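Remarks on the structure that follows.
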Amino acid sequence: RDITELDLIRDRYNLPQGDYLLGLGSLSPHKNLPNMLAAYTLLYQEHRQTPPLVLIGRRSAEHEKLLADLPVEVAQTIRFAGFVEDADLPAIYSGASVFLFVSRAEGFGLPPLESLRCGTPVVVSNTTSLPEVVGDAGLHAPPEDPEAIATAVWSLLSDATLYATLRERGLKRAALYTWERCVEGLYTQYQAMLS
């Protein structure tokens, strides 16, 4: 993608011109949006240079209620990208400084892998499948601990060496997960079961 296309995507999805943090705006309880917002609030209040938070998904009346509980200066820095076309996701991941995915439960956790494949470090929950999927290519935090989530994000934003290390690990980690490898793994398992 060239700069012109990236600029078009920024305009299309209301993305900041500079750095931003990225998360999912899902209101499903297991996606843990209230704790993500609490972590962002702590981060922003302690470090005013924290980039805006962009949430993928449409803003709703339920989102308005959550934002109304935040300090006004924090709520004003949160943007909603709306529905994002699959083809545009790589550019949005690539433009983010950090991707937050602090779900309480996940069956697999594809979005963090998508982010790693785009070179954007992740902060994920230390529960269910996420530590196994991300491994040492991202930072892990308890999903019910906004302070730990905020600390993990700030570690990435403030430590260029850590950021570069996790970016490199993330690209390698994401390369392990391909459809071809998945099919090969399933084929091997089926062969073993049939033997």
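Residues in the structure tokens are named by chain (A, B, ... in the order shown) and by number from 1 within that chain; ligands are numbered from 1 in the order shown.
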- Message: Quick one: residues within 9 Å of Glu144 (chain A), only C-alpha atoms, excluding same-chain residues fewer than 3 positions away - as an MDAnalysis selection string?
- Response: chainID A and resid 32 35 102 104 125 141 148:149
- Task: Give me every alpha helix (DSSP H) residue in region 66-107 of chain A, going by DSSP on the backbone, as a PyMOL selection string.
- Result: chain A and resi 66-68+72-75+89-95
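Considering only C-alpha atoms, the residue among A:Ile92, A:Tyr44, A:Thr50, A:Glu106 positioned nearest to Val72 (chain A) is A:Tyr44.
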- Query: Which one of A:Ser94, A:Thr161, A:Ser129, A:Gln76 sits closest to Gly109 (chain A) if you count only C-alpha atoms?
  - Reply: A:Ser129
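In terms of minimum interatomic distance to Ser26 (chain A), A:Arg58 ranks closest within A:His47, A:Lys172, A:Arg10, A:Arg58, counting only C-alpha atoms.
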- Task: Between CA of Pro16 (chain A) and CA of Val153 (chain A), measure the distance and give it in Å to one decimal.
- Result: 18.3 Å
